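Chemist: For reference, this is start15.csv, and it has CSV, C-alpha atoms and all ligand atoms.
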```csv
chain,number,residue,atom,x,y,z
B,1377,MET,CA,-10.8,27.2,30.6
B,1378,THR,CA,-7.8,25.1,30.1
B,1379,LYS,CA,-5.4,26.6,27.5
B,1380,ILE,CA,-4.9,24.6,24.3
B,1381,ARG,CA,-1.2,24.1,23.5
B,1382,ALA,CA,0.5,22.8,20.4
B,1383,ALA,CA,2.6,19.7,20.9
B,1384,ILE,CA,5.0,18.0,18.5
B,1385,THR,CA,3.6,14.5,18.1
B,1386,GLY,CA,5.8,13.2,15.4
B,1387,ILE,CA,9.0,13.9,13.5
B,1388,HIS,CA,10.7,12.7,10.4
B,1389,ALA,CA,13.7,13.8,8.3
B,1390,TRP,CA,15.4,13.0,5.0
B,1391,VAL,CA,18.8,13.8,3.5
B,1392,PRO,CA,20.0,12.9,0.0
B,1393,GLU,CA,22.3,10.0,-0.5
B,1394,ASP,CA,25.2,11.8,-2.2
B,1395,VAL,CA,27.9,12.9,0.2
B,1396,LEU,CA,30.5,15.7,-0.4
B,1397,THR,CA,33.4,15.2,2.0
B,1398,ASN,CA,36.1,17.6,3.0
B,1399,SER,CA,38.6,15.7,0.9
B,1400,ASP,CA,36.3,16.2,-2.1
B,1401,LEU,CA,36.3,19.9,-1.4
B,1402,GLU,CA,40.1,19.9,-1.1
B,1403,LYS,CA,40.1,19.0,-4.8
B,1404,MET,CA,37.7,21.8,-5.7
B,1405,VAL,CA,39.0,24.8,-3.8
B,1406,ASP,CA,42.1,25.8,-1.8
B,1407,THR,CA,41.2,24.3,1.5
B,1408,THR,CA,42.1,21.5,3.9
B,1409,ASP,CA,40.2,19.0,6.0
B,1410,ASP,CA,42.0,20.4,9.0
B,1411,TRP,CA,40.9,24.0,8.4
B,1412,ILE,CA,37.3,23.0,7.8
B,1413,ILE,CA,37.1,20.8,10.9
B,1414,THR,CA,38.9,23.3,13.2
B,1415,ARG,CA,36.9,26.3,12.1
B,1416,THR,CA,33.5,24.8,11.6
B,1417,GLY,CA,33.3,21.2,12.9
B,1418,ILE,CA,32.1,19.9,9.5
B,1419,LYS,CA,33.4,16.7,8.0
B,1420,GLU,CA,30.8,16.0,5.2
B,1421,ARG,CA,27.5,17.2,3.9
B,1422,HIS,CA,24.8,15.7,1.7
B,1423,ILE,CA,24.0,17.1,-1.7
B,1424,LEU,CA,20.8,16.7,-3.7
B,1425,LYS,CA,21.1,15.8,-7.3
B,1426,GLU,CA,20.6,18.3,-10.1
B,1427,GLY,CA,17.0,18.3,-11.4
B,1428,LYS,CA,15.6,17.8,-7.9
B,1429,GLY,CA,14.3,20.7,-5.8
B,1430,THR,CA,13.7,21.5,-2.1
B,1431,SER,CA,10.1,20.1,-2.4
B,1432,ASP,CA,11.6,16.7,-3.3
B,1433,MET,CA,13.3,16.5,0.0
B,1434,GLY,CA,10.4,18.1,1.9
B,1435,VAL,CA,8.0,15.5,0.6
B,1436,GLU,CA,10.2,12.6,1.7
B,1437,ALA,CA,10.2,14.0,5.2
B,1438,VAL,CA,6.4,14.6,5.1
B,1439,LYS,CA,5.6,11.2,3.7
B,1440,GLY,CA,7.7,9.5,6.4
B,1441,LEU,CA,6.0,11.6,9.0
B,1442,LEU,CA,2.5,10.8,7.9
B,1443,LYS,CA,3.4,7.1,7.8
B,1444,LYS,CA,5.0,6.8,11.2
B,1445,THR,CA,2.3,8.8,12.9
B,1446,GLY,CA,-0.5,6.9,11.1
B,1447,THR,CA,-1.9,10.2,9.7
B,1448,ASN,CA,-4.1,10.2,6.6
B,1449,PRO,CA,-3.0,13.1,4.2
B,1450,ASP,CA,-6.6,14.3,4.1
B,1451,GLU,CA,-6.5,15.1,7.9
B,1452,ILE,CA,-3.8,17.8,7.5
B,1453,ASP,CA,-5.3,21.3,8.0
B,1454,LEU,CA,-2.2,23.4,7.3
B,1455,LEU,CA,1.4,22.9,6.1
B,1456,ILE,CA,4.1,25.6,6.4
B,1457,CYS,CA,7.4,25.2,4.7
B,1458,ALA,CA,10.4,27.0,6.1
B,1459,THR,CA,12.9,27.5,3.3
B,1460,VAL,CA,15.3,30.0,1.7
B,1461,THR,CA,15.7,27.8,-1.4
B,1462,PRO,CA,12.1,27.4,-2.8
B,1463,ASP,CA,11.8,25.2,-5.9
B,1464,MET,CA,10.6,28.4,-7.7
B,1465,GLN,CA,10.0,32.0,-6.7
B,1466,PHE,CA,6.3,31.0,-6.8
B,1467,PRO,CA,4.2,29.1,-6.2
B,1468,ALA,CA,5.2,28.2,-2.6
B,1469,THR,CA,7.2,25.1,-2.1
B,1470,ALA,CA,4.6,24.2,0.6
B,1471,ASN,CA,2.0,23.9,-2.2
B,1472,LEU,CA,4.2,21.6,-4.2
B,1473,ILE,CA,4.9,19.4,-1.1
B,1474,CYS,CA,1.2,19.1,-0.4
B,1475,ASP,CA,0.5,18.1,-4.0
B,1476,LYS,CA,3.3,15.5,-4.1
B,1477,ALA,CA,2.3,14.1,-0.7
B,1478,GLY,CA,-1.5,13.9,-1.6
B,1479,ILE,CA,-2.4,16.5,1.0
B,1480,LYS,CA,-5.6,17.9,-0.4
B,1481,ASN,CA,-7.6,19.5,2.4
B,1482,ALA,CA,-4.8,21.8,3.7
B,1483,PHE,CA,-3.9,25.4,3.0
B,1484,SER,CA,-0.1,25.8,2.7
B,1485,TYR,CA,2.5,28.5,2.4
B,1486,ASP,CA,6.2,29.2,2.8
B,1487,MET,CA,8.0,31.3,5.3
B,1488,ASN,CA,11.5,32.8,5.0
B,1489,ALA,CA,13.5,34.3,7.9
B,1490,ALA,CA,16.8,32.7,6.7
B,1491,CYS,CA,18.2,30.1,9.1
B,1492,SER,CA,15.7,31.0,11.8
B,1493,THR,CA,12.7,30.2,9.7
B,1494,PHE,CA,12.1,26.7,11.1
B,1495,ILE,CA,11.6,28.0,14.6
B,1496,TYR,CA,9.6,31.0,13.5
B,1497,ALA,CA,7.4,28.7,11.5
B,1498,LEU,CA,7.0,26.3,14.4
B,1499,VAL,CA,5.7,29.0,16.6
B,1500,THR,CA,3.5,30.4,13.8
B,1501,ALA,CA,2.0,27.0,13.3
B,1502,SER,CA,1.5,26.5,17.1
B,1503,LYS,CA,-0.7,29.7,17.1
B,1504,TYR,CA,-3.1,28.1,14.6
B,1505,VAL,CA,-3.3,25.0,16.8
B,1506,GLU,CA,-3.7,27.0,20.0
B,1507,SER,CA,-6.7,28.8,18.4
B,1508,GLY,CA,-8.6,25.5,18.5
B,1509,GLU,CA,-9.5,25.6,14.8
B,1510,TYR,CA,-6.7,23.5,13.5
B,1511,LYS,CA,-6.0,19.9,14.6
B,1512,LYS,CA,-3.1,18.7,12.5
B,1513,VAL,CA,-0.5,21.1,11.3
B,1514,VAL,CA,2.8,20.1,9.6
B,1515,VAL,CA,5.9,22.3,9.7
B,1516,VAL,CA,8.6,21.4,7.2
B,1517,GLY,CA,12.2,22.8,7.3
B,1518,ALA,CA,14.0,22.1,4.0
B,1519,ASP,CA,16.8,23.6,2.0
B,1520,LYS,CA,18.8,22.7,-1.1
B,1521,MET,CA,21.7,25.0,-0.1
B,1522,SER,CA,23.8,23.5,-2.9
B,1523,SER,CA,21.6,25.3,-5.4
B,1524,ILE,CA,22.9,28.7,-4.1
B,1525,VAL,CA,26.4,27.8,-3.0
B,1526,ASP,CA,29.3,29.1,-5.1
B,1527,TYR,CA,31.6,26.0,-5.3
B,1528,THR,CA,34.5,28.4,-6.3
B,1529,ASP,CA,34.2,30.3,-3.0
B,1530,ARG,CA,36.1,28.4,-0.3
B,1531,ALA,CA,34.7,30.7,2.5
B,1532,THR,CA,31.1,29.5,1.9
B,1533,CYS,CA,31.1,26.3,0.0
B,1534,VAL,CA,32.5,24.2,2.9
B,1535,ILE,CA,29.7,25.2,5.2
B,1536,PHE,CA,26.4,24.2,3.6
B,1537,GLY,CA,24.6,21.0,2.8
B,1538,ASP,CA,21.1,19.9,1.8
B,1539,GLY,CA,18.4,18.2,3.9
B,1540,ALA,CA,14.8,18.3,5.2
B,1541,GLY,CA,12.8,17.6,8.3
B,1542,ALA,CA,9.1,17.8,9.2
B,1543,VAL,CA,7.1,17.8,12.5
B,1544,LEU,CA,3.4,17.2,13.2
B,1545,LEU,CA,1.8,19.6,15.7
B,1546,GLU,CA,-1.5,18.7,17.4
B,1547,PRO,CA,-3.5,20.2,20.2
B,1548,THR,CA,-3.1,19.2,23.8
B,1549,LYS,CA,-4.6,20.4,27.1
B,1550,ASP,CA,-1.6,19.1,29.1
B,1551,GLU,CA,1.2,21.4,30.2
B,1552,GLU,CA,3.4,20.4,27.3
B,1553,GLY,CA,4.3,21.3,23.7
B,1554,VAL,CA,5.4,24.8,22.6
B,1555,MET,CA,5.6,26.7,25.9
B,1556,ASP,CA,7.4,30.0,25.1
B,1557,HIS,CA,9.5,31.7,22.5
B,1558,ARG,CA,11.7,34.8,22.0
B,1559,PHE,CA,12.3,36.0,18.5
B,1560,TYR,CA,14.4,39.0,17.2
B,1561,SER,CA,15.4,40.5,13.9
B,1562,ASP,CA,17.8,43.3,12.8
B,1563,GLY,CA,17.5,44.1,9.1
B,1564,SER,CA,20.7,46.2,9.2
B,1565,GLY,CA,22.6,42.9,9.2
B,1566,TRP,CA,21.5,42.2,5.6
B,1567,ILE,CA,24.8,43.6,4.3
B,1568,HIS,CA,26.8,40.8,5.8
B,1569,LEU,CA,24.7,37.9,4.5
B,1570,HIS,CA,22.5,37.9,1.4
B,1571,GLN,CA,21.9,36.8,-2.2
B,1572,LYS,CA,22.6,39.8,-4.4
B,1573,ALA,CA,20.5,39.0,-7.4
B,1574,GLY,CA,17.4,37.2,-8.4
B,1575,GLY,CA,14.9,39.3,-6.4
B,1576,SER,CA,12.9,42.4,-7.5
B,1577,LEU,CA,15.8,44.7,-6.6
B,1578,LYS,CA,18.1,43.0,-9.1
B,1579,PRO,CA,16.4,40.5,-11.4
B,1580,ALA,CA,18.4,37.9,-13.1
B,1581,SER,CA,20.3,39.1,-16.2
B,1582,HIS,CA,23.4,38.0,-18.1
B,1583,ALA,CA,25.4,40.5,-16.0
B,1584,THR,CA,24.2,39.1,-12.7
B,1585,VAL,CA,25.0,35.5,-13.7
B,1586,ASP,CA,28.5,36.6,-15.0
B,1587,ALA,CA,29.1,38.4,-11.7
B,1588,ARG,CA,28.1,35.2,-9.7
B,1589,GLU,CA,25.4,37.2,-7.9
B,1590,HIS,CA,22.9,34.4,-7.5
B,1591,PHE,CA,25.1,32.7,-4.9
B,1592,ILE,CA,25.3,33.2,-1.1
B,1593,TYR,CA,27.3,36.3,-0.2
B,1594,GLN,CA,28.6,36.0,3.4
B,1595,GLU,CA,31.1,38.0,5.4
B,1596,GLY,CA,31.9,35.2,7.8
B,1597,GLN,CA,33.5,37.1,10.6
B,1598,PRO,CA,30.9,39.8,11.3
B,1599,VAL,CA,28.2,37.1,11.0
B,1600,PHE,CA,30.1,34.9,13.4
B,1601,LYS,CA,30.5,37.6,16.0
B,1602,PHE,CA,26.8,38.5,15.9
B,1603,ALA,CA,25.7,34.9,15.9
B,1604,VAL,CA,27.8,33.8,18.7
B,1605,THR,CA,26.5,36.4,21.1
B,1606,ARG,CA,22.9,36.6,20.0
B,1607,MET,CA,22.2,32.9,19.9
B,1608,ALA,CA,23.7,32.5,23.4
B,1609,ASP,CA,21.9,35.5,24.7
B,1610,VAL,CA,18.5,34.4,23.5
B,1611,ALA,CA,18.9,30.9,24.8
B,1612,ALA,CA,19.9,32.2,28.2
B,1613,GLU,CA,16.9,34.6,28.0
B,1614,ILE,CA,14.4,31.8,27.4
B,1615,MET,CA,15.7,29.9,30.4
B,1616,GLU,CA,15.4,33.0,32.7
B,1617,ARG,CA,11.9,33.8,31.5
B,1618,ASN,CA,10.8,30.2,32.3
B,1619,ASN,CA,12.8,29.8,35.5
B,1620,LEU,CA,14.8,27.0,34.0
B,1621,LYS,CA,18.2,26.2,35.6
B,1622,SER,CA,20.8,24.4,33.5
B,1623,GLU,CA,20.0,21.1,35.3
B,1624,ASP,CA,16.3,21.5,34.2
B,1625,VAL,CA,17.2,21.6,30.6
B,1626,ALA,CA,17.2,18.1,29.1
B,1627,TRP,CA,18.3,19.1,25.6
B,1628,LEU,CA,19.6,22.1,23.7
B,1629,VAL,CA,18.8,21.8,20.0
B,1630,PRO,CA,20.9,24.5,18.3
B,1631,HIS,CA,20.9,25.5,14.6
B,1632,GLN,CA,24.0,23.8,13.2
B,1633,ALA,CA,25.9,26.7,11.6
B,1634,ASN,CA,29.3,26.3,13.3
B,1635,LEU,CA,30.4,24.1,16.1
B,1636,ARG,CA,32.1,27.1,17.9
B,1637,ILE,CA,28.7,29.0,17.9
B,1638,ILE,CA,27.0,25.9,19.3
B,1639,GLU,CA,29.6,25.4,22.0
B,1640,ALA,CA,29.4,29.1,23.0
B,1641,THR,CA,25.6,28.8,23.4
B,1642,ALA,CA,25.8,25.6,25.5
B,1643,LYS,CA,28.5,27.2,27.7
B,1644,ARG,CA,26.4,30.3,28.3
B,1645,MET,CA,23.4,28.1,29.3
B,1646,GLY,CA,25.6,26.0,31.5
B,1647,VAL,CA,24.5,22.9,29.6
B,1648,GLY,CA,27.0,20.0,29.3
B,1649,LYS,CA,27.9,18.7,25.9
B,1650,GLU,CA,26.0,15.5,26.5
B,1651,LYS,CA,22.8,17.4,26.4
B,1652,VAL,CA,23.5,19.2,23.1
B,1653,MET,CA,22.3,17.8,19.8
B,1654,ILE,CA,25.2,18.1,17.4
B,1655,ASN,CA,25.4,16.5,14.0
B,1656,ILE,CA,27.0,19.4,12.0
B,1657,GLN,CA,30.0,17.0,11.3
B,1658,ARG,CA,27.8,14.9,9.0
B,1659,TYR,CA,25.4,17.4,7.4
B,1660,GLY,CA,27.0,20.9,7.6
B,1661,ASN,CA,24.5,23.8,7.7
B,1662,THR,CA,21.3,22.6,6.0
B,1663,THR,CA,19.7,26.0,7.0
B,1664,ASN,CA,16.1,25.1,7.8
B,1665,GLY,CA,16.8,21.4,8.0
B,1666,THR,CA,19.2,21.6,10.9
B,1667,ILE,CA,16.8,21.6,13.9
B,1668,PRO,CA,14.2,19.1,12.7
B,1669,ILE,CA,17.0,16.7,11.5
B,1670,CYS,CA,18.5,16.9,15.0
B,1671,LEU,CA,15.2,16.2,16.6
B,1672,TYR,CA,14.6,13.2,14.3
B,1673,GLU,CA,18.0,11.7,15.0
B,1674,TRP,CA,17.6,12.1,18.8
B,1675,GLU,CA,13.9,11.2,18.8
B,1676,ASN,CA,14.4,7.9,20.7
B,1677,GLN,CA,16.3,9.6,23.5
B,1678,LEU,CA,13.6,12.3,24.0
B,1679,LYS,CA,11.2,11.6,26.8
B,1680,LYS,CA,7.8,13.0,27.7
B,1681,GLY,CA,8.2,16.0,29.9
B,1682,ASP,CA,11.8,16.8,28.8
B,1683,ASN,CA,12.5,20.5,28.7
B,1684,VAL,CA,13.9,21.2,25.3
B,1685,VAL,CA,15.4,24.6,24.1
B,1686,LEU,CA,15.7,25.3,20.4
B,1687,ALA,CA,18.0,28.2,19.3
B,1688,ALA,CA,18.8,29.6,15.9
B,1689,PHE,CA,20.5,32.5,14.2
B,1690,GLY,CA,20.4,33.4,10.5
B,1691,GLY,CA,20.6,36.0,7.8
B,1692,GLY,CA,18.5,39.1,8.2
B,1693,PHE,CA,19.7,39.1,10.8
B,1694,THR,CA,17.1,36.9,12.6
B,1695,TRP,CA,17.5,34.9,15.8
B,1696,GLY,CA,15.5,33.3,18.5
B,1697,SER,CA,14.8,30.5,20.8
B,1698,VAL,CA,11.8,28.2,21.6
B,1699,TYR,CA,11.1,26.4,24.8
B,1700,LEU,CA,9.3,23.0,24.3
B,1701,LYS,CA,8.1,20.5,26.9
B,1702,TRP,CA,8.5,17.3,24.9
B,1703,ALA,CA,5.1,15.5,24.6
B,1704,TYR,CA,5.8,11.8,23.9
B,1705,ASP,CA,8.2,8.8,24.3
B,1706,ALA,CA,9.0,7.7,20.8
B,1707,LYS,CA,9.4,4.1,22.0
B,1708,ASN,CA,5.7,4.1,23.1
B,1709,GLN,CA,4.5,5.2,19.7
B,1710,LYS,CA,2.6,2.7,17.6
I,1,LIG,O1,23.7,29.9,9.4
I,1,LIG,C1,23.7,31.3,9.0
I,1,LIG,C2,24.6,32.1,9.7
I,1,LIG,N1,26.0,31.9,9.3
I,1,LIG,C3,26.9,31.7,10.3
I,1,LIG,O2,26.6,31.6,11.4
I,1,LIG,C4,28.3,31.6,9.8
I,1,LIG,C5,29.2,32.4,10.8
I,1,LIG,N2,30.6,32.5,10.3
I,1,LIG,C6,31.4,31.4,10.4
I,1,LIG,O3,31.0,30.3,10.8
I,1,LIG,C7,32.9,31.6,10.2
I,1,LIG,O4,33.1,33.0,10.0
I,1,LIG,C8,33.4,30.9,8.9
I,1,LIG,C9,33.4,29.4,9.1
I,1,LIG,C10,32.6,31.2,7.7
I,1,LIG,C11,34.9,31.3,8.6
I,1,LIG,O5,35.7,31.1,9.8
I,1,LIG,P1,36.6,32.2,10.4
I,1,LIG,O6,37.3,31.6,11.5
I,1,LIG,O7,35.7,33.4,10.7
I,1,LIG,O8,37.6,32.5,9.2
I,1,LIG,P2,37.9,33.9,8.5
I,1,LIG,O9,36.7,34.2,7.6
I,1,LIG,O10,38.3,34.9,9.5
I,1,LIG,O11,39.1,33.5,7.6
I,1,LIG,C12,40.4,33.2,8.2
I,1,LIG,C13,41.4,32.8,7.1
I,1,LIG,C14,41.4,33.8,6.0
I,1,LIG,O12,42.7,33.9,5.5
I,1,LIG,P3,43.7,35.1,5.9
I,1,LIG,O13,43.0,36.3,5.5
I,1,LIG,O14,43.8,34.9,7.4
I,1,LIG,O15,44.9,34.7,5.2
I,1,LIG,C15,40.5,33.2,4.9
I,1,LIG,O16,40.9,33.5,3.6
I,1,LIG,O17,41.0,31.5,6.6
I,1,LIG,C16,40.9,31.7,5.1
I,1,LIG,N3,39.8,30.8,4.7
I,1,LIG,C17,40.1,29.5,4.4
I,1,LIG,N4,41.2,28.8,4.4
I,1,LIG,C18,41.1,27.5,4.1
I,1,LIG,C19,38.5,31.0,4.5
I,1,LIG,N5,37.9,29.9,4.1
I,1,LIG,C20,38.8,29.0,4.0
I,1,LIG,C21,38.8,27.6,3.7
I,1,LIG,N6,39.9,26.9,3.7
I,1,LIG,N7,37.6,27.0,3.3
```
Using the file provided, produce a representation of the structure as C-alpha cells.

Modeler:
Amino acid sequence: MTKIRAAITGIHAWVPEDVLTNSDLEKMVDTTDDWIITRTGIKERHILKEGKGTSDMGVEAVKGLLKKTGTNPDEIDLLICATVTPDMQFPATANLICDKAGIKNAFSYDMNAACSTFIYALVTASKYVESGEYKKVVVVGADKMSSIVDYTDRATCVIFGDGAGAVLLEPTKDEEGVMDHRFYSDGSGWIHLHQKAGGSLKPASHATVDAREHFIYQEGQPVFKFAVTRMADVAAEIMERNNLKSEDVAWLVPHQANLRIIEATAKRMGVGKEKVMINIQRYGNTTNGTIPICLYEWENQLKKGDNVVLAAFGGGFTWGSVYLKWAYDAKNQK
C-alpha cells in the first residue's frame, strides 16, 4: 500500500504593524544599533499592541491561509498552536483561534517546546494526516514575545519580536511533504533559559512581580554555545540520514534566533547564503513565528520537489530538524 504523507499545501503569516527599531531601543536601554546588528543581525522587530494576545495574530494568519487556499473553516479537522505566550494559561490559544476563525468541526490544542515548538507541532500534525483519518490540519506558530520581555534588560529586549504564521497540511500519496525529522531535548538546560514565575512552581504574587520574575530569563552565552553546535549538528544529521548532499538542498529554513547561529548552521551544511531564508533583520526572534514567516515570505520562490530543511533550537533545551519535499508551486495556485 502506498504510504500517505502530509504535505504543506498553503502558508500564510501576519505581523503587527508597529515597529520597534534599534534606535528606539537606544533610547530605552544602554545599547547601540551597532552592537545589536553585530551580535544578532537584528535591525527592527514588530510589536503587538497592548490589549491584544497571541490568538489575535494567529487568527489573522489562519484566516489568510483559509482564504488563499479556498478552504472552508468547517473542513478543518485539527488545529495545533505552537506558542510559549498563550493568551491565558488555559484554555488553549488554539481553541481561541478556532473560535475567532469560525472553525467549528476541529479539535484543537497548544504545544510548547519553546522555540522548537513549530517544527515539533508540524511533525505531530503530520502523523494525524499520515494516519489517513485527518484530511485538513492547520499548524499555527505564534508568539507575542513582547508580553514576556523585560524592556529594562538590554541583554534580552533587543532580541525578540511578535508575529505569527500558519500552514495547511493535507494528505498526499506522492513522495513529497514531511519526509523525516530528528528531534532532541535536554531538560538540564532549563537553568539557562526560562520564565521564573507564573507557573505552578512559583505562582504570581506581589513578590514575583516586584522581582521581575514574569519576564524571560536568559544567560545568552551558554545558550548561544549550545544552540550553535546543536542546530548545526541536527541539520547535518538530517542530511546524512536522507543522503542529501549540500547541492541537493534547495532551502535551509532556520529558526531566527541570531544571525551567527544561522550562519554556523548553513556553513556546517555546506549550503550557500543564497539558499538560506533569513529575515531576522526585520522581525527579530518571534519564537514560533520564525519558520512559518520565512516560508510565507519565500513561498513564491519555493518549487514543487524542492528539498527543504527546517532547523530550530530553543529553551528546554529543545532542538531538531525536519526534511520536507516541497509539494507545490505557489504561482500555480488558484
Ligand atoms: O531562540 C531561543 C534561543 N536563544 C538563543 O539562541 C540566544 C542565544 N544567545 C545569543 O544570541 C547571544 O548570546 C546574545 C545576542 C543574547 C548576546 O550576545 P553575546 O555575544 O553572547 O554577548 P554577551 O552576553 O557575551 O555580552 C557581551 C557584552 C557584555 O558586556 P561585558 O561584560 O563584556 O562588558 C554585555 O553586558 O555585551 C554586553 N551587552 C550589551 N551591550 C550593548 C549585552 N547586551 C547588550 C546590548 N547592548 N543590548

Chemist: Step by step, measure atom-to-atom distances between ligand LIG 1 (chain I) and each residue using only C-alpha atoms and all ligand atoms, keep those at most 8 Å, then write them as an MDAnalysis selection string.

Modeler: chainID B and resid 1405:1408 1411:1412 1415:1416 1490:1491 1529:1535 1569 1594:1601 1603:1604 1631:1634 1636:1637 1661 1663 1689:1691

Chemist: Report the closest atom pair, with its distance in Å rounded to one decimal, for each residue of segment 1415-1526 of chain B that has an atom no farther than 7 Å from segment 1641-1659 of chain B; count only C-alpha atoms, sort by chain and then rising residue number, and write it as a Markdown table.

Modeler:
```
| residue | atom | partner | partner_atom | distance |
| --- | --- | --- | --- | --- |
| B:Gly1417 | CA | B:Gln1657 | CA | 5.6 |
| B:Ile1418 | CA | B:Gln1657 | CA | 4.0 |
| B:Lys1419 | CA | B:Gln1657 | CA | 4.7 |
| B:Glu1420 | CA | B:Arg1658 | CA | 5.0 |
| B:Arg1421 | CA | B:Tyr1659 | CA | 4.1 |
| B:His1422 | CA | B:Tyr1659 | CA | 6.0 |
```

Chemist: For those residues, write C-alpha atoms to a file as a PDB file, in the coordinates of the input.

Modeler:
```pdb
ATOM      1  CA  GLY B1417      33.300  21.200  12.900  1.00  0.00           C
ATOM      2  CA  ILE B1418      32.100  19.900   9.500  1.00  0.00           C
ATOM      3  CA  LYS B1419      33.400  16.700   8.000  1.00  0.00           C
ATOM      4  CA  GLU B1420      30.800  16.000   5.200  1.00  0.00           C
ATOM      5  CA  ARG B1421      27.500  17.200   3.900  1.00  0.00           C
ATOM      6  CA  HIS B1422      24.800  15.700   1.700  1.00  0.00           C
TER       7      HIS B1422
END
```

Chemist: What's the separation between atom CA of Cys1670 of chain B and atom CA of Leu1620 of chain B, in Å to one decimal place?

Modeler: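 Here the two named atoms are 21.8 Å from each other.
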
Chemist: Restricting the calculation to all atoms listed in the file: of B:Phe1602, B:Lys1572, B:Asn1664, B:Trp1390, which residue gets closest to Met1487 of chain B?

Modeler: B:Asn1664

Chemist: Applying 10 Å and all atoms listed in the file, which residues near Asp1519 of chain B remain after dropping the ones on its own chain fewer than 4 positions away? List them as a PyMOL selection string.

Modeler: chain B and resi 1424+1429-1431+1433-1434+1457-1463+1491+1523+1536-1541+1661-1666

Chemist: Write out as a list of chain:residue names which residues come within 8 Å of segment 1608-1619 of chain B when counting only C-alpha atoms, dropping same-chain ones fewer than 3 positions away.

Modeler: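 Here the answer would be B:Asp1556, B:His1557, B:Arg1558, B:Val1604, B:Thr1605, B:Ala1640, B:Thr1641, B:Ala1642, B:Arg1644, B:Met1645, B:Val1685, B:Leu1686, B:Ala1687, B:Trp1695, B:Gly1696, B:Ser1697, B:Val1698, B:Tyr1699.
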
Chemist: Which one of B:Ile1592, B:Leu1678, B:Val1516, B:Leu1396 sits closest to Tyr1496 of chain B if you count all atoms listed in the file?

Modeler: B:Val1516

Chemist: If we count only C-alpha atoms, what is near Ala1573 of chain B at a cut-off of 9 Å, once residues fewer than 4 positions away on the same chain are taken out, given as a PyMOL selection string?

Modeler: chain B and resi 1577-1581+1584-1585+1588-1591

Chemist: Given all atoms listed in the file as the basis, pick out the residue of B:Gly1574, B:Gly1440, B:Pro1547, B:Gly1553 nearest to Met1464 of chain B.

Modeler: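 Residue with the minimum atom-to-atom distance to Met1464 of chain B: B:Gly1574.
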
Chemist: Between atom CA of Ala1470 of chain B and atom CA of Tyr1485 of chain B, measure the distance and give it in Å to one decimal.

Modeler: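 So the two atoms, atom CA of Ala1470 of chain B and atom CA of Tyr1485 of chain B, lie 5.1 Å apart.
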
Chemist: Hey, which of B:Ile1423, B:Val1513, B:Val1629, B:Val1543 ends up closest to Val1525 of chain B? Count all atoms listed in the file.

Modeler: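 Ranking B:Ile1423, B:Val1513, B:Val1629, B:Val1543 by distance to Val1525 of chain B, first place goes to B:Ile1423.
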
Chemist: For Ala1542 of chain B, list every protein, DNA or RNA residue within 8 Å, evaluated using all atoms listed in the file, and leave out those in the same chain fewer than 6 positions away; present the list as a PDB file with C-alpha atoms, in the frame of the given file.

Modeler:
```
ATOM      1  CA  ILE B1387       9.000  13.900  13.500  1.00  0.00           C
ATOM      2  CA  HIS B1388      10.700  12.700  10.400  1.00  0.00           C
ATOM      3  CA  ALA B1389      13.700  13.800   8.300  1.00  0.00           C
ATOM      4  CA  GLY B1434      10.400  18.100   1.900  1.00  0.00           C
ATOM      5  CA  ALA B1437      10.200  14.000   5.200  1.00  0.00           C
ATOM      6  CA  VAL B1438       6.400  14.600   5.100  1.00  0.00           C
ATOM      7  CA  LEU B1441       6.000  11.600   9.000  1.00  0.00           C
ATOM      8  CA  VAL B1514       2.800  20.100   9.600  1.00  0.00           C
ATOM      9  CA  VAL B1515       5.900  22.300   9.700  1.00  0.00           C
ATOM     10  CA  VAL B1516       8.600  21.400   7.200  1.00  0.00           C
ATOM     11  CA  GLY B1517      12.200  22.800   7.300  1.00  0.00           C
ATOM     12  CA  PRO B1668      14.200  19.100  12.700  1.00  0.00           C
TER      13      PRO B1668
END
```

Chemist: When you count only C-alpha atoms, which of these residues is closest to Thr1385 of chain B: B:Glu1451, B:Glu1552, B:Asp1400, B:Glu1639?

Modeler: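 Distance minimum relative to Thr1385 of chain B lands on B:Glu1552.
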
Chemist: Please measure the separation of atom CA of Cys1474 of chain B and atom CA of Gly1660 of chain B, giving the value in Å to one decimal.

Modeler: 27.1 Å
